[in-house]
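Structure file upload20.cif with mmCIF, C-alpha atoms and all ligand atoms:
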data_model
#
loop_
_atom_site.label_atom_id
_atom_site.label_comp_id
_atom_site.auth_asym_id
_atom_site.auth_seq_id
_atom_site.Cartn_x
_atom_site.Cartn_y
_atom_site.Cartn_z
CA MET G 1 0.00 0.00 0.00
CA VAL G 2 1.46 3.41 -0.98
CA ILE G 3 0.76 6.04 1.67
CA LEU G 4 1.42 9.77 1.63
CA GLY G 5 2.06 11.08 5.16
CA ILE G 6 1.61 14.75 6.03
CA GLU G 7 2.77 16.46 9.23
CA SER G 8 2.22 20.12 10.16
CA SER G 9 1.54 20.15 13.91
CA CYS G 10 4.25 22.64 14.93
CA ASP G 11 7.16 24.17 13.02
CA GLU G 12 8.06 21.38 10.60
CA THR G 13 6.19 21.05 7.31
CA ALA G 14 6.77 17.43 6.38
CA ALA G 15 5.66 14.83 3.84
CA SER G 16 6.68 11.25 3.23
CA ILE G 17 5.85 8.31 1.00
CA VAL G 18 5.90 4.80 2.44
CA ASN G 19 5.11 1.55 0.69
CA ASN G 20 4.42 -1.65 2.65
CA GLY G 21 6.34 -0.43 5.68
CA LYS G 22 9.28 0.89 3.65
CA ILE G 23 10.08 4.60 3.71
CA LEU G 24 10.60 5.79 0.13
CA SER G 25 11.01 9.48 0.94
CA ASN G 26 11.04 11.78 3.95
CA SER G 27 10.90 15.52 3.18
CA VAL G 28 11.05 17.99 6.07
CA TYR G 29 11.01 21.76 5.87
CA THR G 30 12.06 23.26 9.23
CA GLN G 31 10.74 26.79 9.72
CA LYS G 32 13.89 28.71 10.62
CA ILE G 33 11.96 31.99 10.97
CA HIS G 34 11.08 31.18 14.63
CA LYS G 35 14.73 31.34 15.73
CA LYS G 36 14.63 35.10 15.95
CA TYR G 37 11.65 34.97 18.35
CA GLY G 38 13.26 32.33 20.60
CA GLY G 39 10.30 29.95 20.15
CA VAL G 40 7.48 29.00 17.81
CA VAL G 41 5.02 31.81 16.96
CA PRO G 42 1.75 29.99 16.14
CA GLU G 43 0.39 32.45 13.56
CA ILE G 44 3.71 32.54 11.68
CA ALA G 45 3.89 28.74 11.78
CA SER G 46 0.47 28.43 10.07
CA ARG G 47 1.45 30.90 7.36
CA GLU G 48 4.73 29.11 6.72
CA HIS G 49 2.95 25.74 6.43
CA GLU G 50 0.56 27.29 3.92
CA ILE G 51 3.48 28.58 1.84
CA GLN G 52 5.52 25.36 1.99
CA ILE G 53 3.09 22.49 1.94
CA VAL G 54 2.68 22.09 -1.82
CA SER G 55 6.41 22.03 -2.52
CA VAL G 56 7.16 19.71 0.41
CA VAL G 57 4.51 17.20 -0.73
CA ARG G 58 5.77 17.46 -4.35
CA ASP G 59 9.31 16.86 -3.14
CA ALA G 60 8.30 13.73 -1.20
CA ILE G 61 6.45 12.30 -4.21
CA GLU G 62 9.35 13.09 -6.58
CA LYS G 63 11.96 11.54 -4.25
CA SER G 64 9.87 8.38 -3.89
CA LYS G 65 10.13 7.90 -7.70
CA LEU G 66 6.40 7.17 -7.75
CA THR G 67 3.62 9.31 -9.23
CA ILE G 68 0.73 10.94 -7.41
CA LYS G 69 -1.65 8.48 -9.12
CA GLN G 70 0.07 5.56 -7.36
CA ILE G 71 -0.85 6.83 -3.88
CA ASP G 72 -3.46 4.57 -2.24
CA GLY G 73 -4.15 6.61 0.89
CA ILE G 74 -3.18 9.65 2.95
CA ALA G 75 -2.26 9.84 6.64
CA VAL G 76 -2.22 13.25 8.29
CA THR G 77 -1.58 14.54 11.81
CA TYR G 78 -4.78 15.94 13.37
CA GLY G 79 -3.42 16.56 16.89
CA PRO G 80 -1.95 17.40 19.29
CA GLY G 81 -0.36 20.62 18.08
CA LEU G 82 -1.09 24.21 17.12
CA MET G 83 -4.63 24.71 15.83
CA GLY G 84 -3.76 26.83 12.78
CA ALA G 85 -0.77 24.67 11.91
CA LEU G 86 -2.78 21.44 12.11
CA LEU G 87 -5.56 22.96 9.98
CA VAL G 88 -3.17 23.51 7.06
CA GLY G 89 -2.07 19.86 6.88
CA LEU G 90 -5.49 18.41 7.60
CA ASN G 91 -7.33 20.52 5.02
CA PHE G 92 -4.63 19.84 2.44
CA ALA G 93 -5.04 16.08 3.05
CA LYS G 94 -8.83 16.33 2.78
CA GLY G 95 -8.57 18.22 -0.54
CA LEU G 96 -6.13 15.70 -1.96
CA SER G 97 -8.21 12.79 -0.77
CA LEU G 98 -11.26 14.23 -2.54
CA SER G 99 -9.49 15.04 -5.75
CA LEU G 100 -7.66 11.70 -6.01
CA ASP G 101 -10.65 9.77 -4.69
CA ILE G 102 -8.57 7.87 -2.12
CA PRO G 103 -9.13 7.44 1.65
CA TYR G 104 -7.39 9.52 4.27
CA ILE G 105 -6.92 9.01 7.99
CA GLY G 106 -6.18 11.43 10.86
CA ILE G 107 -3.20 10.32 12.96
CA ASN G 108 -2.30 11.16 16.53
CA HIS G 109 1.14 12.81 16.40
CA LEU G 110 2.14 11.07 19.67
CA GLU G 111 1.29 7.66 18.25
CA GLY G 112 3.44 8.56 15.26
CA HIS G 113 6.38 9.39 17.55
CA LEU G 114 5.85 6.19 19.48
CA TYR G 115 6.03 4.02 16.36
CA ALA G 116 9.00 5.94 15.00
CA SER G 117 11.08 3.98 17.52
CA LEU G 118 10.11 0.79 15.64
CA ILE G 119 11.52 1.99 12.30
CA ASP G 120 14.35 -0.47 11.57
CA ASN G 121 13.34 -2.31 14.78
CA LYS G 122 10.38 -4.32 13.59
CA ASN G 123 11.10 -7.32 15.84
CA ILE G 124 10.36 -5.48 19.11
CA LYS G 125 8.30 -7.60 21.51
CA TYR G 126 5.12 -6.40 23.21
CA PRO G 127 4.58 -5.27 25.88
CA PHE G 128 7.28 -2.60 25.93
CA ILE G 129 7.81 0.71 27.67
CA ASN G 130 7.95 3.85 25.57
CA LEU G 131 9.49 7.05 26.88
CA LEU G 132 8.10 9.84 24.74
CA VAL G 133 10.28 12.92 25.11
CA SER G 134 9.41 15.82 22.82
CA GLY G 135 8.99 19.58 23.03
CA GLY G 136 5.44 19.29 24.33
CA HIS G 137 5.38 15.90 26.06
CA THR G 138 7.33 13.81 28.52
CA GLN G 139 5.44 10.62 29.15
CA ILE G 140 6.10 6.98 29.99
CA TRP G 141 3.75 4.56 28.25
CA GLN G 142 3.25 0.85 28.64
CA VAL G 143 2.58 -0.28 25.08
CA ASN G 144 0.57 -3.50 25.24
CA ASN G 145 -0.02 -3.72 21.52
CA PHE G 146 -0.68 -1.46 18.55
CA GLY G 147 -3.44 0.88 19.77
CA SER G 148 -3.36 -0.31 23.42
CA TYR G 149 -1.48 2.02 25.75
CA ASP G 150 -1.39 2.63 29.52
CA LEU G 151 0.04 5.90 30.79
CA LEU G 152 2.53 5.19 33.61
CA GLY G 153 3.83 8.71 34.19
CA SER G 154 4.06 12.18 32.72
CA THR G 155 5.39 15.61 33.51
CA VAL G 156 3.55 17.78 36.00
CA ASP G 157 5.00 20.98 34.49
CA ASP G 158 7.45 21.39 31.59
CA ALA G 159 8.38 18.72 29.07
CA ALA G 160 12.05 17.66 28.82
CA GLY G 161 12.34 19.40 25.43
CA GLU G 162 10.91 22.56 26.98
CA ALA G 163 13.49 22.36 29.78
CA PHE G 164 16.17 22.34 27.07
CA ASP G 165 14.47 25.14 25.09
CA LYS G 166 13.83 27.42 28.09
CA GLY G 167 17.29 26.74 29.53
CA ALA G 168 18.91 27.68 26.22
CA ARG G 169 16.89 30.87 26.12
CA MET G 170 18.11 31.86 29.61
CA LEU G 171 21.67 31.26 28.45
CA GLY G 172 21.18 33.40 25.34
CA LEU G 173 21.37 30.39 23.01
CA ASN G 174 19.24 29.74 19.93
CA TYR G 175 15.94 27.90 19.48
CA PRO G 176 15.50 24.92 19.50
CA GLY G 177 17.50 24.64 22.70
CA GLY G 178 18.11 20.87 22.77
CA PRO G 179 20.60 20.68 19.92
CA GLU G 180 22.19 23.98 21.07
CA ILE G 181 22.75 22.79 24.64
CA GLU G 182 24.02 19.48 23.32
CA ARG G 183 26.51 21.29 21.05
CA TYR G 184 27.77 23.59 23.84
CA SER G 185 28.06 20.64 26.26
CA ILE G 186 30.85 19.12 24.24
CA GLY G 187 34.02 19.27 26.33
CA GLY G 188 32.12 20.73 29.31
CA ILE G 189 32.49 19.45 32.89
CA LYS G 190 29.27 17.60 33.71
CA ASP G 191 29.37 18.06 37.47
CA LYS G 192 30.83 21.56 37.73
CA TYR G 193 27.42 23.01 38.57
CA ILE G 194 25.05 21.02 40.74
CA PHE G 195 21.49 21.01 39.42
CA PRO G 196 18.74 19.08 41.19
CA ARG G 197 17.45 15.75 39.95
CA PRO G 198 13.84 16.45 40.89
CA ILE G 199 12.00 13.87 42.96
CA ASN G 200 8.24 13.91 42.83
CA LYS G 201 7.11 12.72 46.26
CA LYS G 202 3.63 11.74 45.04
CA SER G 203 4.70 9.54 42.15
CA LYS G 204 8.04 7.98 41.28
CA LEU G 205 6.97 7.91 37.66
CA ASP G 206 6.00 11.55 37.13
CA PHE G 207 8.46 14.20 36.00
CA SER G 208 8.99 17.79 37.03
CA PHE G 209 11.45 20.14 35.39
CA SER G 210 10.45 23.49 36.86
CA GLY G 211 12.85 23.25 39.84
CA LEU G 212 15.72 22.53 37.51
CA LYS G 213 14.80 25.51 35.36
CA THR G 214 14.60 27.74 38.43
CA SER G 215 18.02 26.64 39.65
CA LEU G 216 19.49 27.56 36.24
CA LEU G 217 17.79 30.94 36.53
CA TYR G 218 19.35 31.53 39.97
CA LEU G 219 22.75 30.46 38.67
CA CYS G 220 22.47 32.94 35.77
CA GLN G 221 21.32 35.71 38.11
CA ASN G 222 24.44 35.21 40.23
CA MET G 223 26.81 35.37 37.27
CA THR G 224 27.76 38.20 34.93
CA ASN G 225 27.20 37.72 31.20
CA LYS G 226 30.95 37.42 30.81
CA GLU G 227 31.12 34.64 33.43
CA ILE G 228 28.25 32.83 31.72
CA ASP G 229 30.01 33.05 28.35
CA GLU G 230 33.29 31.84 29.80
CA ASN G 231 31.64 28.85 31.48
CA ILE G 232 28.97 28.09 28.88
CA ASN G 233 30.29 24.58 28.10
CA ASP G 234 30.33 23.54 31.77
CA ILE G 235 26.89 25.06 32.45
CA CYS G 236 25.37 23.31 29.43
CA ALA G 237 27.05 19.98 30.23
CA SER G 238 25.86 20.11 33.87
CA TYR G 239 22.32 21.16 32.91
CA GLN G 240 22.04 18.50 30.19
CA GLU G 241 23.30 15.87 32.64
CA ALA G 242 20.53 16.79 35.12
CA ILE G 243 17.81 16.45 32.46
CA VAL G 244 19.22 13.13 31.24
CA ASP G 245 19.52 11.75 34.79
CA THR G 246 15.95 12.78 35.59
CA LEU G 247 14.68 10.85 32.56
CA LEU G 248 16.76 7.79 33.37
CA ILE G 249 15.70 7.67 37.05
CA ARG G 250 12.02 7.62 36.07
CA LEU G 251 12.57 5.06 33.37
CA LYS G 252 14.27 2.77 35.87
CA HIS G 253 11.28 3.09 38.24
CA ALA G 254 8.92 2.21 35.37
CA MET G 255 10.93 -0.89 34.54
CA VAL G 256 11.00 -2.02 38.17
CA LYS G 257 7.26 -1.41 38.56
CA THR G 258 6.18 -3.19 35.37
CA LYS G 259 9.03 -5.76 35.20
CA ILE G 260 9.17 -4.96 31.47
CA LYS G 261 12.68 -4.96 30.09
CA THR G 262 12.07 -3.77 26.56
CA ILE G 263 12.13 -0.01 26.17
CA SER G 264 11.78 2.36 23.26
CA ILE G 265 12.55 6.05 23.23
CA SER G 266 10.99 8.58 20.89
CA GLY G 267 10.49 12.31 20.29
CA GLY G 268 13.00 15.10 19.64
CA VAL G 269 14.98 14.61 22.88
CA ALA G 270 15.71 11.01 21.78
CA ALA G 271 18.19 12.61 19.35
CA ASN G 272 20.37 13.68 22.30
CA LYS G 273 23.67 11.79 22.13
CA ARG G 274 24.49 12.00 25.83
CA PHE G 275 21.04 10.59 26.63
CA ARG G 276 21.57 7.70 24.19
CA GLU G 277 25.05 7.05 25.53
CA LYS G 278 24.00 7.01 29.19
CA LEU G 279 20.92 4.93 28.53
CA ASN G 280 22.93 2.34 26.63
CA LYS G 281 25.60 2.28 29.35
CA ASP G 282 23.19 2.01 32.31
CA PHE G 283 20.44 -0.15 30.82
CA SER G 284 21.73 -2.34 27.99
CA ASN G 285 23.02 -5.12 30.28
CA ASP G 286 19.60 -6.29 31.33
CA SER G 287 17.22 -4.69 28.83
CA ALA G 288 16.62 -4.19 25.11
CA ILE G 289 16.63 -0.55 24.03
CA PHE G 290 15.13 0.78 20.81
CA PHE G 291 15.71 4.28 19.41
CA PRO G 292 14.43 5.73 16.14
CA PRO G 293 17.12 6.55 13.60
CA MET G 294 18.19 10.18 14.22
CA GLU G 295 16.14 11.75 11.41
CA TYR G 296 12.93 10.19 12.76
CA CYS G 297 13.34 11.50 16.35
CA THR G 298 12.21 15.04 15.60
CA ASP G 299 8.97 15.80 13.75
CA ASN G 300 8.62 14.02 10.42
CA ALA G 301 5.88 12.60 8.23
CA ALA G 302 7.34 9.10 7.76
CA MET G 303 6.18 8.19 11.29
CA ILE G 304 2.70 9.49 10.40
CA ALA G 305 2.59 7.56 7.11
CA LEU G 306 3.76 4.32 8.77
CA THR G 307 1.14 4.57 11.52
CA GLY G 308 -1.50 5.45 8.90
CA GLU G 309 -0.59 2.45 6.77
CA VAL G 310 -1.34 0.06 9.64
CA LEU G 311 -4.76 1.66 10.20
CA LEU G 312 -5.71 2.01 6.52
CA ASN G 313 -4.76 -1.66 6.04
CA LYS G 314 -7.40 -2.43 8.68
CA ASP G 315 -9.93 -0.37 6.63
CA GLU G 316 -9.95 2.40 9.20
CA TYR G 317 -10.24 5.88 7.73
CA SER G 318 -11.55 9.33 8.66
CA ASP G 319 -14.50 11.21 7.22
CA PHE G 320 -14.48 14.85 6.22
CA SER G 321 -15.96 16.04 9.51
CA LEU G 322 -12.65 15.36 11.30
CA LYS G 323 -11.33 18.52 12.98
CA PRO G 324 -7.88 19.26 14.41
CA ILE G 325 -7.63 18.54 18.16
CA PRO G 326 -4.82 20.70 19.65
CA ASN G 327 -4.80 18.85 22.99
CA LEU G 328 -5.35 15.33 21.67
CA SER G 329 -3.92 12.66 23.97
CA LEU G 330 -2.84 9.11 23.20
O1 LIG K 401 9.45 15.76 18.71
P1 LIG K 401 9.81 17.16 18.40
O2 LIG K 401 10.54 17.43 17.10
O3 LIG K 401 8.56 18.10 18.40
C1 LIG K 401 7.48 17.98 19.28
O4 LIG K 401 6.60 17.16 19.00
O5 LIG K 401 7.54 18.71 20.29
O6 LIG K 401 10.68 17.69 19.65
C2 LIG K 401 11.22 18.95 19.68
C3 LIG K 401 11.99 19.08 20.97
C4 LIG K 401 12.54 20.48 21.21
O7 LIG K 401 12.21 20.85 22.53
C5 LIG K 401 14.03 20.32 21.01
O8 LIG K 401 14.79 21.23 21.80
C6 LIG K 401 14.24 18.91 21.43
O9 LIG K 401 13.12 18.20 20.96
N1 LIG K 401 15.46 18.34 20.81
C7 LIG K 401 16.54 17.95 21.52
C8 LIG K 401 17.51 17.54 20.57
N2 LIG K 401 16.97 17.69 19.32
C9 LIG K 401 15.71 18.18 19.49
N3 LIG K 401 16.77 17.92 22.84
C10 LIG K 401 17.97 17.50 23.26
N4 LIG K 401 18.95 17.11 22.41
C11 LIG K 401 18.77 17.11 21.08
N5 LIG K 401 19.74 16.72 20.26
ZN ZN K 402 6.63 15.89 17.74
#
Before anything else, please render the file you have as structure tokens.
Amino acid sequence: MVILGIESSCDETAASIVNNGKILSNSVYTQKIHKKYGGVVPEIASREHEIQIVSVVRDAIEKSKLTIKQIDGIAVTYGPGLMGALLVGLNFAKGLSLSLDIPYIGINHLEGHLYASLIDNKNIKYPFINLLVSGGHTQIWQVNNFGSYDLLGSTVDDAAGEAFDKGARMLGLNYPGGPEIERYSIGGIKDKYIFPRPINKKSKLDFSFSGLKTSLLYLCQNMTNKEIDENINDICASYQEAIVDTLLIRLKHAMVKTKIKTISISGGVAANKRFREKLNKDFSNDSAIFFPPMEYCTDNAAMIALTGEVLLNKDEYSDFSLKPIPNLSL
């Protein structure tokens, strides 16, 4: 089955063609314009999607070496995400579905991220634990089977990606903050500055990053700009280490609680090399760890197309009354 995937939930306009589980193309346009605002501006994101979507979809079809007539179905993100941004992708998919007379299906962006960790890892055994770490979400899921998920823990305030993004902003670094902090951490001393590894007394499986963010704020307030610049590598390395440790501590608790030893990681923060390194070092002795290939950690449409293919193969599709749901959960 040839599926066109479309993703426009935040600041990536993306399209992909998959055929029987194989990714034939994966086109992503990242909206650089948000860098100068230090974060995503929703109205600008919608306008950018509108400008880019036709060429991104064309690019994905061209790179797949197939023609538009060979597409059997369309999968499109309908939530969670920014309302105006989601509308662009969803309405585009509806129009294409009508004009080509093929079915389309709305896909939950989080489910897409979750299954991205299975790309190249098709032999994963259920049940497994998925740690979903993106810019908007930090959640631990028990994945019983395709479509059957139990939420084990989630963040009570910021997501891990947000902790990176907001931290970078405080340090005067660019958006998105994750890759920036990772880059500046190289060669930095990881324990030069002591940041808390937050403990949530109510639940060992929930996350909280606000205390960590506040301690970075206090550190910055007690340093001059010159001192921050001179110590930027050590600050970033120490801050990154605290975020990574927080994620790993919770993951360990989830494994102990469920006795499940197969884990998959997905979402933008899964691209972090220190996180991958530490996870492999601390966990690989007694558990199987699955990561998406780097390009499928951050937002992309291949993960949407792959999830859509499974559903369309089961004759599940959406009708034209489907609306975007900005706060859609898994
Ligand atoms: O999954 P994603 O592309 O979009 C959402 O669905 O939110 O995740 C974006 C988040 C941003 O917060 C970004 O700073 C973070 O993922 N991120 C990273 C890295 N690459 C992206 N965080 C840490 N290290 C990275 N290498
Ligand atoms: Zn995402």
Inset, instruction - Determine the nearest neighbour of G:Ile119 from the options G:Ile235, G:Leu311, G:Ile194, G:Val18, counting only C-alpha atoms. - result: G:Val18
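For G:Pro326, the residues within 9 Å (counting all atoms listed in the file, excluding itself and residues fewer than 5 positions away along the chain) are Ser9, Tyr78, Gly79, Pro80, Gly81, Leu82, Met83 and Leu86 of chain G.
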Centre and edge lengths of an axis-aligned box around all listed atoms of ligand LIG 401 (chain K), with 3 Å added on each side, are to be given in Å to one decimal, as AutoDock Vina command-line options.
--center_x 13.2 --center_y 18.5 --center_z 20.2 --size_x 19.1 --size_y 11.5 --size_z 12.2
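Taking all atoms listed in the file into account, G:Val56 lies nearest to G:Tyr29 out of the set G:Tyr37, G:Tyr29, G:Tyr104, G:Tyr184.
Going from atom O7 of ligand LIG 401 (chain K) over to atom CA of G:Leu152, you cover 21.5 Å.
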Within 6 Å of ligand LIG 401 (chain K): each chain G residue with its shortest pair, all atoms listed in the file, as CSV:
residue,atom,partner,partner_atom,distance
G:Ser134,CA,K:LIG401,O6,3.9
G:Gly135,CA,K:LIG401,O5,3.2
G:Gly136,CA,K:LIG401,O5,4.6
G:Gly161,CA,K:LIG401,O7,3.2
G:Glu162,CA,K:LIG401,O7,4.9
G:Phe164,CA,K:LIG401,O8,5.6
G:Asp165,CA,K:LIG401,O8,5.1
G:Pro176,CA,K:LIG401,O8,4.4
G:Gly177,CA,K:LIG401,O8,4.4
G:Gly178,CA,K:LIG401,N3,3.2
G:Pro179,CA,K:LIG401,N5,4.1
G:Glu182,CA,K:LIG401,N4,5.7
G:Gly267,CA,K:LIG401,O1,3.9
G:Gly268,CA,K:LIG401,O9,3.4
G:Val269,CA,K:LIG401,N3,3.8
G:Ala271,CA,K:LIG401,N5,4.5
G:Asn272,CA,K:LIG401,N4,3.7
G:Thr298,CA,K:LIG401,O2,3.3
G:Asp299,CA,K:LIG401,O2,4.0
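The residue that comes closest to G:Tyr218, out of G:Phe320, G:Tyr115, G:Phe195, G:Phe92 and on the basis of only C-alpha atoms, is G:Phe195.
Picture a line from atom CA of G:Ala45 to atom CA of G:Gly84; it runs 7.9 Å.
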From the coordinates supplied, stretch 292-318 of chain G should be written with N, CA and C atoms, as a PDB file, in the first residue's frame.
ATOM      1  N   PRO G 292      14.631   5.499  17.579  1.00  0.00           N
ATOM      2  CA  PRO G 292      14.433   5.726  16.143  1.00  0.00           C
ATOM      3  C   PRO G 292      15.762   6.171  15.536  1.00  0.00           C
ATOM      4  N   PRO G 293      15.976   5.921  14.242  1.00  0.00           N
ATOM      5  CA  PRO G 293      17.124   6.551  13.597  1.00  0.00           C
ATOM      6  C   PRO G 293      17.017   8.061  13.815  1.00  0.00           C
ATOM      7  N   MET G 294      18.160   8.747  13.871  1.00  0.00           N
ATOM      8  CA  MET G 294      18.193  10.179  14.222  1.00  0.00           C
ATOM      9  C   MET G 294      17.138  11.028  13.501  1.00  0.00           C
ATOM     10  N   GLU G 295      17.033  10.864  12.171  1.00  0.00           N
ATOM     11  CA  GLU G 295      16.142  11.750  11.410  1.00  0.00           C
ATOM     12  C   GLU G 295      14.662  11.554  11.739  1.00  0.00           C
ATOM     13  N   TYR G 296      14.343  10.431  12.412  1.00  0.00           N
ATOM     14  CA  TYR G 296      12.933  10.194  12.765  1.00  0.00           C
ATOM     15  C   TYR G 296      12.637  10.478  14.236  1.00  0.00           C
ATOM     16  N   CYS G 297      13.599  11.105  14.955  1.00  0.00           N
ATOM     17  CA  CYS G 297      13.344  11.500  16.350  1.00  0.00           C
ATOM     18  C   CYS G 297      12.488  12.769  16.354  1.00  0.00           C
ATOM     19  N   THR G 298      12.961  13.786  15.645  1.00  0.00           N
ATOM     20  CA  THR G 298      12.206  15.043  15.597  1.00  0.00           C
ATOM     21  C   THR G 298      11.051  14.893  14.605  1.00  0.00           C
ATOM     22  N   ASP G 299      10.211  15.928  14.526  1.00  0.00           N
ATOM     23  CA  ASP G 299       8.972  15.802  13.748  1.00  0.00           C
ATOM     24  C   ASP G 299       9.243  15.458  12.279  1.00  0.00           C
ATOM     25  N   ASN G 300       8.495  14.476  11.804  1.00  0.00           N
ATOM     26  CA  ASN G 300       8.619  14.022  10.421  1.00  0.00           C
ATOM     27  C   ASN G 300       7.302  13.383   9.996  1.00  0.00           C
ATOM     28  N   ALA G 301       7.146  13.160   8.698  1.00  0.00           N
ATOM     29  CA  ALA G 301       5.881  12.596   8.230  1.00  0.00           C
ATOM     30  C   ALA G 301       5.972  11.098   7.961  1.00  0.00           C
ATOM     31  N   ALA G 302       7.207  10.546   7.980  1.00  0.00           N
ATOM     32  CA  ALA G 302       7.341   9.104   7.763  1.00  0.00           C
ATOM     33  C   ALA G 302       6.639   8.349   8.901  1.00  0.00           C
ATOM     34  N   MET G 303       6.814   8.859  10.129  1.00  0.00           N
ATOM     35  CA  MET G 303       6.183   8.193  11.290  1.00  0.00           C
ATOM     36  C   MET G 303       4.645   8.264  11.179  1.00  0.00           C
ATOM     37  N   ILE G 304       4.155   9.334  10.576  1.00  0.00           N
ATOM     38  CA  ILE G 304       2.700   9.492  10.402  1.00  0.00           C
ATOM     39  C   ILE G 304       2.212   8.533   9.309  1.00  0.00           C
ATOM     40  N   ALA G 305       2.968   8.447   8.211  1.00  0.00           N
ATOM     41  CA  ALA G 305       2.594   7.558   7.108  1.00  0.00           C
ATOM     42  C   ALA G 305       2.614   6.097   7.557  1.00  0.00           C
ATOM     43  N   LEU G 306       3.638   5.717   8.325  1.00  0.00           N
ATOM     44  CA  LEU G 306       3.760   4.319   8.769  1.00  0.00           C
ATOM     45  C   LEU G 306       2.603   3.927   9.695  1.00  0.00           C
ATOM     46  N   THR G 307       2.260   4.841  10.609  1.00  0.00           N
ATOM     47  CA  THR G 307       1.137   4.573  11.520  1.00  0.00           C
ATOM     48  C   THR G 307      -0.154   4.500  10.708  1.00  0.00           C
ATOM     49  N   GLY G 308      -0.294   5.423   9.744  1.00  0.00           N
ATOM     50  CA  GLY G 308      -1.495   5.448   8.900  1.00  0.00           C
ATOM     51  C   GLY G 308      -1.635   4.192   8.074  1.00  0.00           C
ATOM     52  N   GLU G 309      -0.516   3.653   7.611  1.00  0.00           N
ATOM     53  CA  GLU G 309      -0.590   2.452   6.771  1.00  0.00           C
ATOM     54  C   GLU G 309      -1.188   1.278   7.542  1.00  0.00           C
ATOM     55  N   VAL G 310      -0.798   1.159   8.820  1.00  0.00           N
ATOM     56  CA  VAL G 310      -1.336   0.062   9.638  1.00  0.00           C
ATOM     57  C   VAL G 310      -2.866   0.203   9.755  1.00  0.00           C
ATOM     58  N   LEU G 311      -3.325   1.435   9.998  1.00  0.00           N
ATOM     59  CA  LEU G 311      -4.761   1.663  10.201  1.00  0.00           C
ATOM     60  C   LEU G 311      -5.542   1.515   8.894  1.00  0.00           C
ATOM     61  N   LEU G 312      -5.009   2.098   7.809  1.00  0.00           N
ATOM     62  CA  LEU G 312      -5.711   2.005   6.518  1.00  0.00           C
ATOM     63  C   LEU G 312      -5.781   0.546   6.052  1.00  0.00           C
ATOM     64  N   ASN G 313      -4.744  -0.224   6.377  1.00  0.00           N
ATOM     65  CA  ASN G 313      -4.762  -1.656   6.037  1.00  0.00           C
ATOM     66  C   ASN G 313      -5.884  -2.386   6.765  1.00  0.00           C
ATOM     67  N   LYS G 314      -6.290  -1.818   7.918  1.00  0.00           N
ATOM     68  CA  LYS G 314      -7.399  -2.433   8.676  1.00  0.00           C
ATOM     69  C   LYS G 314      -8.725  -1.800   8.262  1.00  0.00           C
ATOM     70  N   ASP G 315      -8.724  -1.065   7.137  1.00  0.00           N
ATOM     71  CA  ASP G 315      -9.928  -0.373   6.629  1.00  0.00           C
ATOM     72  C   ASP G 315     -10.444   0.703   7.563  1.00  0.00           C
ATOM     73  N   GLU G 316      -9.541   1.266   8.367  1.00  0.00           N
ATOM     74  CA  GLU G 316      -9.946   2.399   9.203  1.00  0.00           C
ATOM     75  C   GLU G 316      -9.602   3.672   8.455  1.00  0.00           C
ATOM     76  N   TYR G 317     -10.541   4.590   8.344  1.00  0.00           N
ATOM     77  CA  TYR G 317     -10.239   5.885   7.730  1.00  0.00           C
ATOM     78  C   TYR G 317     -11.114   6.963   8.347  1.00  0.00           C
ATOM     79  N   SER G 318     -10.802   8.215   8.055  1.00  0.00           N
ATOM     80  CA  SER G 318     -11.554   9.333   8.656  1.00  0.00           C
ATOM     81  C   SER G 318     -12.543   9.895   7.643  1.00  0.00           C
TER      82      SER G 318
END
